[in-house]
Amino acid sequence: MSKEKLEKYQLKKSQNIVQYATNNSDFFKEYYRKLDSKDVWNLPTVDKKIMMENLTNYNTVGLKKQELIDFCLRNEETQNFDERYGKYNVAMSSGTSGNKGVVITSPSEERYLRAAFFSRFSFPRTLRLNIAFILRVTTPAFQIDKFGQKLTHISQLNTIDKIKHQLQELQPNVLSAPPSMLEMLANEINEGRLNISPKRVISYAEILYPETEEKLEQIYGSKIHQIYQASEGSIAMSCKHGSLHINEDLIYVQTLNSDGTPTPPGEPCYKMIITDLHRTAQPIIRYELNDLIITSPYKCECGSSFRVIEQVLGRSDDLFWAKRNDNGEMQFIFPDYIRRAIISSSEEIEEYQAIQKNYSKVVIHIISKTNADKGTISKCIEEKIQQVFGKHNCKTPKIEVVFKTKLERDVSQKIIRISRDFDVPF
């Protein structure tokens with residue numbers, strides 16, 4: 001579709017979803033009362049907190065919030081993710097921020113999402129797909145063994161030796177995992193301790209930073225493709241050229257600046273609002289995600305009108321904040337500036353995490369190469385991060401560099417490289 005046809009399609013589909021929601025959800029019926037439901041892009045937003053507080057009245061299929069939570073907690077405790085809640089696929093998402101959410105997917109939604117995935121994702125040209133899917137948990141929606149196409153879940157909670165054994169036995173032609181796991185497995189392949197040769201490597205669940213992507217491509221010998229998926233929707237997938245395209249026919253994405261104006265392509269957004277164009281069991285309409293992205297100003301050579309995500313930067317929760325020197329007001333600093341300051345400090349740095357503890361203190365966790373000059377690394381990191389704060393005309397914090405042998409993971413076993421430990425009071 002052309003850009004114009006696509007925008008008309010998105011508006012029509014969103015209006016249909018709004019109409020369905022107001023007819024079948026007590027929450028949306030009240031939420032949009034006295035508003036013009038046709039003016040979708042100006043309707044009030046929702047977020048995870050609003051959705052979860054009103055979940056019983058929010059969903060359109062008559063499911064009760066506490067029963068859903070009890071079901072998900074029981075599955076988490078028993079690690080049995082094969083069970084459906086009646087006919088629905090129900091899962092609990094901690095999200096990268098640790099706030100629990102419940103995701104309801106109907107059978108028809110599950111089928112179209114699966115069809116979209118298999119029809120548009122750039123799989124290798126092979127008769128049968130043998131996909132290794134590595135993540136902490138799974139659901140029945142991610143269990144596929146039909147027509148010779150097989151998707152096997154491998155728990156990220158297993159030891160690295162057990163994961164390697166499972167992969168060695170499976171010999172997948174598609175390897176999919178979070179970047180930190182892909183990097184761990186790449187090191188095992190490089191050292192001759194794992195012998196697999198996937199034709200396609202897929203990254204998801206964590207941010208794929210450019211330096212990690214480059215390292216993985218060198219070891220796996222192929223382009224690293226991505227799936228950008230949130231609990232609230234299938235946002236983007238890589239095309240055959242490796243560009244991360246927004247699934248414009250499945251979901252509408254709005255990127256906004258801090259003042260609410262649209263973010264121009266090529267610039268980082270401050271807020272991201274999504275509307276799922278098909279989901280009805282648990283409508284996602286003008287839903288605020290705390291993800292920060294940059295969309296590309298250029299069209300992909302594949303010819304698609306779907307926008308390309310140039311980079312996923314992190315979450316708004318990962319923004320560093322500091323007081324300005326000129327007027328004392330609060331200034332945000334995008335996580336990418338912190339990341340670049342760290343990785344440009346030394347080639348001896350192998351892994352890193354940066355945590356802003358408060359307005360006046362930042363802690364940097366570093367895993368360095370053997371025999372690295374830790375004193376020089378610490379000094380360079382301190383100087384470069386202070387320069388970032390200085391360029392934003394902000395008061396420079398104390399920088400504490402701590403050398404570690406292992407990085408911390410969040411409740412969902414993801415590595416969050418840039419994070420903030422305190423809430424900003426606005």
# chains A, B, ... in the order shown; residues from 1 in each chain; ligands from 1

call {"tool": "residues_around", "arguments": {"residues": "Phe334 in chain A", "least_positions_apart": "4", "cutoff": "12 Å", "atoms": "only C-alpha atoms", "output": "PyMOL selection string"}}
result
chain A and resi 267-270+291-294+312-322+338-341+388-389+392+418-420

call {"tool": "residues_around", "arguments": {"residues": "Glu383 in chain A", "least_positions_apart": "5", "cutoff": "12 Å", "atoms": "only C-alpha atoms", "output": "list of chain:residue names"}}
result
A:Ile338, A:Ala341, A:Ile342, A:Ser344, A:Ser345, A:Thr376, A:Ile377, A:Ser378, A:Val388, A:Phe389, A:Gly390, A:Thr396, A:Pro397, A:Lys398, A:Ile399, A:Glu400, A:Val401

call {"tool": "closest_residue", "arguments": {"among": "A:Asn358, A:Asn59, A:Ser155, A:Ser305", "to": "Gln79 in chain A", "atoms": "only C-alpha atoms"}}
result
A:Ser155

call {"tool": "residues_around", "arguments": {"residues": "range 222-226 of chain A", "least_positions_apart": "6", "cutoff": "9 Å", "atoms": "only C-alpha atoms", "output": "VMD selection string"}}
result
chain A and resid 122 199 to 204 208 213 to 214 216 236 to 244

call {"tool": "residues_around", "arguments": {"residues": "Tyr9 in chain A", "least_positions_apart": "3", "cutoff": "12 Å", "atoms": "only C-alpha atoms", "output": "PDB file with C-alpha atoms, in the first residue's frame"}}
result
ATOM      1  CA  MET A   1       0.000   0.000   0.000  1.00  0.00           C
ATOM      2  CA  SER A   2       1.042   3.577  -0.587  1.00  0.00           C
ATOM      3  CA  LYS A   3       1.469   5.820   2.438  1.00  0.00           C
ATOM      4  CA  GLU A   4      -1.894   7.483   1.730  1.00  0.00           C
ATOM      5  CA  LYS A   5      -3.807   4.186   1.391  1.00  0.00           C
ATOM      6  CA  LEU A   6      -2.091   2.872   4.495  1.00  0.00           C
ATOM      7  CA  LYS A  12     -10.773   2.851   9.339  1.00  0.00           C
ATOM      8  CA  LYS A  13      -9.495  -0.182  11.273  1.00  0.00           C
ATOM      9  CA  SER A  14      -8.915   1.875  14.418  1.00  0.00           C
ATOM     10  CA  GLN A  15     -12.424   3.360  14.222  1.00  0.00           C
ATOM     11  CA  ASN A  16     -13.844  -0.166  13.953  1.00  0.00           C
ATOM     12  CA  GLU A 248       1.753  -0.848   9.956  1.00  0.00           C
ATOM     13  CA  ASP A 249      -1.172  -3.084   8.948  1.00  0.00           C
ATOM     14  CA  LEU A 250      -1.294  -4.688  12.402  1.00  0.00           C
ATOM     15  CA  ILE A 251      -0.530  -1.755  14.647  1.00  0.00           C
ATOM     16  CA  TYR A 252      -0.464   2.042  14.436  1.00  0.00           C
ATOM     17  CA  LEU A 277      -5.777  -2.568  14.542  1.00  0.00           C
ATOM     18  CA  HIS A 278      -7.133  -6.098  15.060  1.00  0.00           C
TER      19      HIS A 278
END

call {"tool": "atom_distance", "arguments": {"atom1": "CA of His365 in chain A", "atom2": "CA of Lys404 in chain A"}}
result
6.3 Å

call {"tool": "atom_distance", "arguments": {"atom1": "CA of Gln331 in chain A", "atom2": "CA of Gln386 in chain A"}}
result
14.5 Å

call {"tool": "select_by_dssp", "arguments": {"residues": "range 311-424 of chain A", "states": "helix (DSSP H, G or I)", "output": "PyMOL selection string"}}
result
chain A and resi 316-318+335-343+374-391

call {"tool": "select_by_dssp", "arguments": {"residues": "range 155-270 of chain A", "states": "strand (DSSP E)", "output": "ChimeraX atom specification"}}
result
/A:155,174-177,200-203,224-230,233-238,244-246,251-256

call {"tool": "closest_residue", "arguments": {"among": "A:Phe133, A:Arg417, A:Gln19, A:Leu407", "to": "Asp39 in chain A", "atoms": "only C-alpha atoms"}}
result
A:Gln19

call {"tool": "closest_residue", "arguments": {"among": "A:Ser93, A:Ser346, A:Asn57, A:Asn23", "to": "Leu73 in chain A", "atoms": "only C-alpha atoms"}}
result
A:Ser93

call {"tool": "closest_residue", "arguments": {"among": "A:Cys394, A:Cys380, A:Val363, A:Met181", "to": "Gly328 in chain A", "atoms": "only C-alpha atoms"}}
result
A:Cys394

call {"tool": "residues_around", "arguments": {"residues": "Pro265 in chain A", "least_positions_apart": "2", "cutoff": "12 Å", "atoms": "only C-alpha atoms", "output": "list in words"}}
result
Gln254, Thr255, Leu256, Asn257, Pro262, Thr263, Glu267, Pro268, Cys269, Ile293, Ile294, Thr295, Ser296, Pro297, Tyr298, Lys299, Arg307, Val308, Ile309, Glu310 and Gln311 of chain A

call {"tool": "write_last_selection", "arguments": {"atoms": "N, CA and C atoms", "output": "compact mmCIF listing (two decimals), in the first residue's frame"}}
result
# COMPACT_ATOMS: atom_id res chain seq x y z
N GLN A 254 2.41 5.95 17.06
CA GLN A 254 2.62 7.39 17.10
C GLN A 254 3.84 7.67 17.98
N THR A 255 4.76 8.48 17.48
CA THR A 255 5.92 8.88 18.26
C THR A 255 5.82 10.38 18.54
N LEU A 256 6.01 10.76 19.81
CA LEU A 256 5.78 12.13 20.23
C LEU A 256 6.98 12.71 20.97
N ASN A 257 7.14 14.02 20.86
CA ASN A 257 8.14 14.74 21.64
C ASN A 257 7.60 15.00 23.05
N PRO A 262 4.38 15.63 17.15
CA PRO A 262 4.94 14.44 16.50
C PRO A 262 6.46 14.53 16.39
N THR A 263 7.14 13.41 16.64
CA THR A 263 8.59 13.37 16.53
C THR A 263 8.99 13.17 15.06
N GLU A 267 14.87 11.49 14.62
CA GLU A 267 15.08 12.02 15.96
C GLU A 267 14.46 11.09 17.00
N PRO A 268 15.06 11.00 18.19
CA PRO A 268 14.50 10.12 19.23
C PRO A 268 13.18 10.65 19.78
N CYS A 269 12.24 9.77 19.98
CA CYS A 269 10.95 10.17 20.54
C CYS A 269 11.02 10.17 22.06
N ILE A 293 12.19 5.21 20.59
CA ILE A 293 12.69 4.73 19.31
C ILE A 293 13.05 5.92 18.41
N ILE A 294 13.79 5.61 17.35
CA ILE A 294 14.04 6.56 16.27
C ILE A 294 13.56 5.91 14.98
N THR A 295 12.64 6.56 14.27
CA THR A 295 12.22 6.05 12.96
C THR A 295 13.11 6.66 11.89
N SER A 296 13.35 5.90 10.84
CA SER A 296 14.24 6.36 9.78
C SER A 296 13.52 7.32 8.84
N PRO A 297 14.21 8.35 8.35
CA PRO A 297 13.62 9.24 7.35
C PRO A 297 13.64 8.65 5.95
N TYR A 298 14.27 7.47 5.80
CA TYR A 298 14.45 6.87 4.48
C TYR A 298 13.57 5.64 4.29
N LYS A 299 13.18 5.41 3.06
CA LYS A 299 12.40 4.23 2.71
C LYS A 299 13.35 3.06 2.46
N ARG A 307 7.09 2.06 7.81
CA ARG A 307 8.22 2.80 8.37
C ARG A 307 9.28 1.84 8.94
N VAL A 308 10.52 2.31 8.90
CA VAL A 308 11.64 1.54 9.44
C VAL A 308 12.07 2.15 10.77
N ILE A 309 12.26 1.30 11.76
CA ILE A 309 12.82 1.75 13.04
C ILE A 309 14.34 1.72 12.91
N GLU A 310 14.92 2.90 13.01
CA GLU A 310 16.38 3.02 12.88
C GLU A 310 17.07 2.47 14.11
N GLN A 311 16.49 2.74 15.28
CA GLN A 311 17.09 2.24 16.51
C GLN A 311 16.07 2.23 17.64

call {"tool": "closest_residue", "arguments": {"among": "A:Val46, A:Leu170, A:Val253, A:Pro425", "to": "Gln10 in chain A", "atoms": "only C-alpha atoms"}}
result
A:Val253

call {"tool": "decode", "arguments": {"residues": "range 111-139 of chain A", "atoms": "N, CA and C atoms", "output": "compact mmCIF listing (two decimals), in the first residue's frame"}}
result
# COMPACT_ATOMS: atom_id res chain seq x y z
N ARG A 111 -4.29 -16.86 15.65
CA ARG A 111 -4.09 -17.38 14.29
C ARG A 111 -3.56 -16.29 13.35
N TYR A 112 -4.13 -15.07 13.44
CA TYR A 112 -3.66 -14.05 12.49
C TYR A 112 -2.25 -13.58 12.83
N LEU A 113 -1.90 -13.54 14.12
CA LEU A 113 -0.55 -13.16 14.48
C LEU A 113 0.46 -14.20 14.01
N ARG A 114 0.09 -15.46 14.15
CA ARG A 114 0.98 -16.53 13.70
C ARG A 114 1.12 -16.49 12.17
N ALA A 115 0.00 -16.24 11.48
CA ALA A 115 0.04 -16.16 10.02
C ALA A 115 0.91 -14.99 9.57
N ALA A 116 0.77 -13.85 10.25
CA ALA A 116 1.57 -12.67 9.90
C ALA A 116 3.04 -12.96 10.10
N PHE A 117 3.37 -13.62 11.20
CA PHE A 117 4.77 -13.93 11.50
C PHE A 117 5.38 -14.82 10.42
N PHE A 118 4.68 -15.91 10.08
CA PHE A 118 5.25 -16.85 9.12
C PHE A 118 5.20 -16.34 7.68
N SER A 119 4.27 -15.44 7.38
CA SER A 119 4.15 -14.98 6.00
C SER A 119 5.10 -13.84 5.67
N ARG A 120 5.45 -13.01 6.66
CA ARG A 120 6.23 -11.82 6.32
C ARG A 120 7.65 -11.83 6.84
N PHE A 121 7.94 -12.65 7.85
CA PHE A 121 9.29 -12.64 8.37
C PHE A 121 10.24 -13.29 7.37
N SER A 122 11.46 -12.81 7.31
CA SER A 122 12.43 -13.29 6.33
C SER A 122 13.10 -14.56 6.82
N PHE A 123 12.39 -15.68 6.66
CA PHE A 123 12.95 -16.97 7.03
C PHE A 123 13.91 -17.46 5.95
N PRO A 124 14.85 -18.34 6.28
CA PRO A 124 15.74 -18.89 5.25
C PRO A 124 14.95 -19.74 4.26
N ARG A 125 15.44 -19.81 3.04
CA ARG A 125 14.78 -20.61 2.01
C ARG A 125 15.07 -22.09 2.27
N THR A 126 14.16 -22.73 2.96
CA THR A 126 14.31 -24.14 3.29
C THR A 126 12.94 -24.78 3.35
N LEU A 127 12.88 -26.06 3.09
CA LEU A 127 11.59 -26.74 3.05
C LEU A 127 10.94 -26.78 4.43
N ARG A 128 11.75 -27.04 5.46
CA ARG A 128 11.22 -27.15 6.81
C ARG A 128 11.99 -26.24 7.77
N LEU A 129 11.24 -25.51 8.57
CA LEU A 129 11.84 -24.64 9.57
C LEU A 129 11.97 -25.39 10.89
N ASN A 130 13.14 -25.30 11.47
CA ASN A 130 13.41 -25.92 12.76
C ASN A 130 13.92 -24.81 13.67
N ILE A 131 12.98 -24.19 14.40
CA ILE A 131 13.27 -22.95 15.12
C ILE A 131 13.52 -23.23 16.61
N ALA A 132 14.63 -22.75 17.11
CA ALA A 132 14.89 -22.77 18.55
C ALA A 132 14.47 -21.42 19.11
N PHE A 133 13.57 -21.44 20.08
CA PHE A 133 12.99 -20.23 20.66
C PHE A 133 13.40 -20.18 22.12
N ILE A 134 14.38 -19.31 22.44
CA ILE A 134 14.92 -19.25 23.80
C ILE A 134 14.37 -18.02 24.51
N LEU A 135 13.65 -18.27 25.60
CA LEU A 135 13.08 -17.20 26.41
C LEU A 135 12.73 -17.78 27.78
N ARG A 136 12.51 -16.91 28.74
CA ARG A 136 12.24 -17.38 30.11
C ARG A 136 10.99 -18.24 30.17
N VAL A 137 9.90 -17.78 29.54
CA VAL A 137 8.64 -18.51 29.57
C VAL A 137 8.10 -18.64 28.16
N THR A 138 7.08 -19.49 28.01
CA THR A 138 6.41 -19.62 26.73
C THR A 138 4.90 -19.70 26.99
N THR A 139 4.13 -19.81 25.93
CA THR A 139 2.68 -20.00 26.02
C THR A 139 2.28 -20.96 24.92
